[in-house]
Amino acid sequence: MTSNRKFPNDPQAVRAARKFALHELSGYAPELLDTVELLVSELAGNCVRHTSSNFEVSVASARRRIRVSVSDRGAGTPAVQHVDSSAVAGRGLALVETLSSSWGVRASRLPRGGKVVWFELDLDDERARARMVA
């Protein structure tokens with residue numbers, strides 16, 4: 001199953017994106033949903049903070065894997081920031097890297113460009129389950 005929804009470039013849309021993802025994955029364990037909620041918040045928040053375009057969230061679930069993609073038309077390639085413990089921002093992709101089974105960034109296939117940032121949660125991955133519970 002795959003579901004997509006577009007959101008405006010507005011801080012209020014981050015909450016709506018979280019709710020959309022949680023609704024699409026409503027049958028999964030609460031610990032997993034907590035992880036999805038956090039990671040979708042980070043990726044959607046990055047779209048709102050760093051671009052002026054609308055963004056789209058895609059949620060795909062299979063029996064043992066969840067994949068969430070967030071796409072926008074903004075320029076640039078996101079990268080994990082290494083910030084000190086007193087920083088109040090810049091940890092979003094580090095959280096995605098730590099809590100997901102895998103993640104990445106690719107150029108959008110849309111004519112106007114942009115990018116897609118995605119993460120996967122592999123439910124058979126012992127390390128992923130341990131990170132989700134922690």
# chains A, B, ... in the order shown; residues from 1 in each chain; ligands from 1
>>> residues_around(residues="region 20-29 of chain A", least_positions_apart="2", cutoff="12 Å", atoms="only C-alpha atoms", output="PDB file with N, CA and C atoms, in the first residue's frame")
ATOM      1  N   MET A   1       0.833  -1.174   0.000  1.00  0.00           N
ATOM      2  CA  MET A   1       0.000   0.000   0.000  1.00  0.00           C
ATOM      3  C   MET A   1       0.886   1.249   0.000  1.00  0.00           C
ATOM      4  N   THR A   2       0.575   2.186  -0.860  1.00  0.00           N
ATOM      5  CA  THR A   2       1.274   3.468  -0.882  1.00  0.00           C
ATOM      6  C   THR A   2       0.244   4.577  -0.917  1.00  0.00           C
ATOM      7  N   SER A   3       0.438   5.578  -0.079  1.00  0.00           N
ATOM      8  CA  SER A   3      -0.427   6.748  -0.048  1.00  0.00           C
ATOM      9  C   SER A   3       0.431   7.991  -0.138  1.00  0.00           C
ATOM     10  N   ASN A   4      -0.069   8.997  -0.845  1.00  0.00           N
ATOM     11  CA  ASN A   4       0.640  10.270  -1.011  1.00  0.00           C
ATOM     12  C   ASN A   4      -0.291  11.412  -0.649  1.00  0.00           C
ATOM     13  N   ARG A   5       0.304  12.458  -0.132  1.00  0.00           N
ATOM     14  CA  ARG A   5      -0.470  13.667   0.138  1.00  0.00           C
ATOM     15  C   ARG A   5       0.440  14.874   0.028  1.00  0.00           C
ATOM     16  N   LYS A   6      -0.080  15.937  -0.576  1.00  0.00           N
ATOM     17  CA  LYS A   6       0.668  17.184  -0.722  1.00  0.00           C
ATOM     18  C   LYS A   6       0.291  18.136   0.403  1.00  0.00           C
ATOM     19  N   PHE A   7       1.286  18.940   0.802  1.00  0.00           N
ATOM     20  CA  PHE A   7       1.106  19.891   1.889  1.00  0.00           C
ATOM     21  C   PHE A   7       1.672  21.242   1.482  1.00  0.00           C
ATOM     22  N   ALA A  13       1.602  22.734   8.449  1.00  0.00           N
ATOM     23  CA  ALA A  13       1.563  21.535   7.619  1.00  0.00           C
ATOM     24  C   ALA A  13       2.428  20.416   8.196  1.00  0.00           C
ATOM     25  N   VAL A  14       3.399  20.741   9.020  1.00  0.00           N
ATOM     26  CA  VAL A  14       4.243  19.707   9.632  1.00  0.00           C
ATOM     27  C   VAL A  14       3.375  18.797  10.504  1.00  0.00           C
ATOM     28  N   ARG A  15       2.523  19.383  11.276  1.00  0.00           N
ATOM     29  CA  ARG A  15       1.603  18.598  12.116  1.00  0.00           C
ATOM     30  C   ARG A  15       0.675  17.756  11.252  1.00  0.00           C
ATOM     31  N   ALA A  16       0.158  18.350  10.188  1.00  0.00           N
ATOM     32  CA  ALA A  16      -0.734  17.612   9.283  1.00  0.00           C
ATOM     33  C   ALA A  16      -0.003  16.449   8.614  1.00  0.00           C
ATOM     34  N   ALA A  17       1.256  16.639   8.267  1.00  0.00           N
ATOM     35  CA  ALA A  17       2.053  15.568   7.656  1.00  0.00           C
ATOM     36  C   ALA A  17       2.243  14.413   8.643  1.00  0.00           C
ATOM     37  N   ARG A  18       2.524  14.744   9.891  1.00  0.00           N
ATOM     38  CA  ARG A  18       2.648  13.707  10.928  1.00  0.00           C
ATOM     39  C   ARG A  18       1.352  12.917  11.057  1.00  0.00           C
ATOM     40  N   GLU A  31       5.385   2.040  19.497  1.00  0.00           N
ATOM     41  CA  GLU A  31       6.800   2.429  19.489  1.00  0.00           C
ATOM     42  C   GLU A  31       7.250   2.778  18.076  1.00  0.00           C
ATOM     43  N   LEU A  32       6.789   2.002  17.116  1.00  0.00           N
ATOM     44  CA  LEU A  32       7.117   2.265  15.715  1.00  0.00           C
ATOM     45  C   LEU A  32       6.490   3.581  15.266  1.00  0.00           C
ATOM     46  N   LEU A  33       5.242   3.802  15.657  1.00  0.00           N
ATOM     47  CA  LEU A  33       4.562   5.035  15.277  1.00  0.00           C
ATOM     48  C   LEU A  33       5.229   6.265  15.895  1.00  0.00           C
ATOM     49  N   ASP A  34       5.767   6.125  17.096  1.00  0.00           N
ATOM     50  CA  ASP A  34       6.511   7.230  17.709  1.00  0.00           C
ATOM     51  C   ASP A  34       7.724   7.590  16.854  1.00  0.00           C
ATOM     52  N   THR A  35       8.411   6.582  16.347  1.00  0.00           N
ATOM     53  CA  THR A  35       9.581   6.820  15.492  1.00  0.00           C
ATOM     54  C   THR A  35       9.169   7.484  14.193  1.00  0.00           C
ATOM     55  N   VAL A  36       8.117   6.965  13.575  1.00  0.00           N
ATOM     56  CA  VAL A  36       7.623   7.563  12.323  1.00  0.00           C
ATOM     57  C   VAL A  36       7.229   9.013  12.552  1.00  0.00           C
ATOM     58  N   GLU A  37       6.527   9.275  13.624  1.00  0.00           N
ATOM     59  CA  GLU A  37       6.074  10.637  13.931  1.00  0.00           C
ATOM     60  C   GLU A  37       7.258  11.595  14.034  1.00  0.00           C
ATOM     61  N   LEU A  38       8.282  11.204  14.750  1.00  0.00           N
ATOM     62  CA  LEU A  38       9.463  12.046  14.917  1.00  0.00           C
ATOM     63  C   LEU A  38      10.162  12.283  13.579  1.00  0.00           C
ATOM     64  N   LEU A  39      10.372  11.219  12.812  1.00  0.00           N
ATOM     65  CA  LEU A  39      11.123  11.355  11.569  1.00  0.00           C
ATOM     66  C   LEU A  39      10.354  12.140  10.510  1.00  0.00           C
ATOM     67  N   VAL A  40       9.061  11.938  10.421  1.00  0.00           N
ATOM     68  CA  VAL A  40       8.250  12.736   9.492  1.00  0.00           C
ATOM     69  C   VAL A  40       8.284  14.201   9.912  1.00  0.00           C
ATOM     70  N   SER A  41       8.219  14.472  11.205  1.00  0.00           N
ATOM     71  CA  SER A  41       8.309  15.861  11.695  1.00  0.00           C
ATOM     72  C   SER A  41       9.609  16.509  11.255  1.00  0.00           C
ATOM     73  N   ALA A  44       9.562  16.938   7.235  1.00  0.00           N
ATOM     74  CA  ALA A  44       8.597  17.962   6.829  1.00  0.00           C
ATOM     75  C   ALA A  44       9.042  19.341   7.324  1.00  0.00           C
ATOM     76  N   GLU A  56       5.497  16.946  -0.506  1.00  0.00           N
ATOM     77  CA  GLU A  56       4.629  15.780  -0.571  1.00  0.00           C
ATOM     78  C   GLU A  56       5.201  14.681   0.311  1.00  0.00           C
ATOM     79  N   VAL A  57       4.311  14.005   1.022  1.00  0.00           N
ATOM     80  CA  VAL A  57       4.697  12.871   1.857  1.00  0.00           C
ATOM     81  C   VAL A  57       4.097  11.619   1.237  1.00  0.00           C
ATOM     82  N   SER A  58       4.935  10.611   1.091  1.00  0.00           N
ATOM     83  CA  SER A  58       4.514   9.309   0.568  1.00  0.00           C
ATOM     84  C   SER A  58       4.803   8.263   1.636  1.00  0.00           C
ATOM     85  N   VAL A  59       3.811   7.451   1.933  1.00  0.00           N
ATOM     86  CA  VAL A  59       3.946   6.397   2.938  1.00  0.00           C
ATOM     87  C   VAL A  59       3.654   5.068   2.254  1.00  0.00           C
ATOM     88  N   ALA A  60       4.629   4.193   2.277  1.00  0.00           N
ATOM     89  CA  ALA A  60       4.466   2.862   1.691  1.00  0.00           C
ATOM     90  C   ALA A  60       4.714   1.832   2.776  1.00  0.00           C
ATOM     91  N   SER A  61       3.813   0.892   2.884  1.00  0.00           N
ATOM     92  CA  SER A  61       4.006  -0.160   3.881  1.00  0.00           C
ATOM     93  C   SER A  61       3.829  -1.518   3.229  1.00  0.00           C
ATOM     94  N   ALA A  62       4.728  -2.371   3.579  1.00  0.00           N
ATOM     95  CA  ALA A  62       4.651  -3.772   3.198  1.00  0.00           C
ATOM     96  C   ALA A  62       4.616  -4.547   4.500  1.00  0.00           C
ATOM     97  N   ARG A  63       4.582  -5.812   4.402  1.00  0.00           N
ATOM     98  CA  ARG A  63       4.426  -6.614   5.613  1.00  0.00           C
ATOM     99  C   ARG A  63       5.501  -6.335   6.656  1.00  0.00           C
ATOM    100  N   ARG A  64       6.753  -6.230   6.247  1.00  0.00           N
ATOM    101  CA  ARG A  64       7.838  -6.076   7.211  1.00  0.00           C
ATOM    102  C   ARG A  64       8.674  -4.822   7.011  1.00  0.00           C
ATOM    103  N   ARG A  65       8.181  -3.874   6.201  1.00  0.00           N
ATOM    104  CA  ARG A  65       8.967  -2.668   5.967  1.00  0.00           C
ATOM    105  C   ARG A  65       8.042  -1.477   5.730  1.00  0.00           C
ATOM    106  N   ILE A  66       8.481  -0.356   6.248  1.00  0.00           N
ATOM    107  CA  ILE A  66       7.792   0.914   6.023  1.00  0.00           C
ATOM    108  C   ILE A  66       8.787   1.839   5.341  1.00  0.00           C
ATOM    109  N   ARG A  67       8.323   2.550   4.326  1.00  0.00           N
ATOM    110  CA  ARG A  67       9.155   3.544   3.653  1.00  0.00           C
ATOM    111  C   ARG A  67       8.363   4.837   3.581  1.00  0.00           C
ATOM    112  N   VAL A  68       8.983   5.908   4.062  1.00  0.00           N
ATOM    113  CA  VAL A  68       8.376   7.235   4.009  1.00  0.00           C
ATOM    114  C   VAL A  68       9.302   8.141   3.208  1.00  0.00           C
ATOM    115  N   SER A  69       8.717   8.862   2.249  1.00  0.00           N
ATOM    116  CA  SER A  69       9.472   9.805   1.429  1.00  0.00           C
ATOM    117  C   SER A  69       8.846  11.179   1.569  1.00  0.00           C
ATOM    118  N   VAL A  70       9.697  12.188   1.634  1.00  0.00           N
ATOM    119  CA  VAL A  70       9.233  13.568   1.661  1.00  0.00           C
ATOM    120  C   VAL A  70       9.945  14.295   0.528  1.00  0.00           C
ATOM    121  N   LEU A 121      12.038   1.740   7.631  1.00  0.00           N
ATOM    122  CA  LEU A 121      12.075   1.013   8.893  1.00  0.00           C
ATOM    123  C   LEU A 121      11.827  -0.447   8.547  1.00  0.00           C
ATOM    124  N   LEU A 123      11.233  -3.956   9.730  1.00  0.00           N
ATOM    125  CA  LEU A 123      10.735  -4.544  10.967  1.00  0.00           C
ATOM    126  C   LEU A 123      11.400  -5.874  11.307  1.00  0.00           C
ATOM    127  N   ARG A 129      14.613  -2.535  15.479  1.00  0.00           N
ATOM    128  CA  ARG A 129      13.667  -2.694  16.573  1.00  0.00           C
ATOM    129  C   ARG A 129      14.235  -2.170  17.873  1.00  0.00           C
ATOM    130  N   MET A 132      14.028   1.576  17.885  1.00  0.00           N
ATOM    131  CA  MET A 132      12.653   2.060  17.998  1.00  0.00           C
ATOM    132  C   MET A 132      12.163   1.996  19.438  1.00  0.00           C
ATOM    133  N   VAL A 133      12.631   1.007  20.176  1.00  0.00           N
ATOM    134  CA  VAL A 133      12.184   0.844  21.555  1.00  0.00           C
ATOM    135  C   VAL A 133      12.944   1.772  22.493  1.00  0.00           C
TER     136      VAL A 133
END
>>> select_by_dssp(residues="chain A", states="strand (DSSP E)", output="VMD selection string")
chain A and resid 2 to 7 55 to 61 65 to 72 102 to 107 115 to 122
>>> atom_distance(atom1="CA of Phe55 (chain A)", atom2="CA of Phe119 (chain A)")
15.8 Å
>>> closest_residue(among="A:Gly92, A:Pro8, A:Lys115, A:Arg49", to="Ala75 (chain A)", atoms="only C-alpha atoms")
A:Lys115
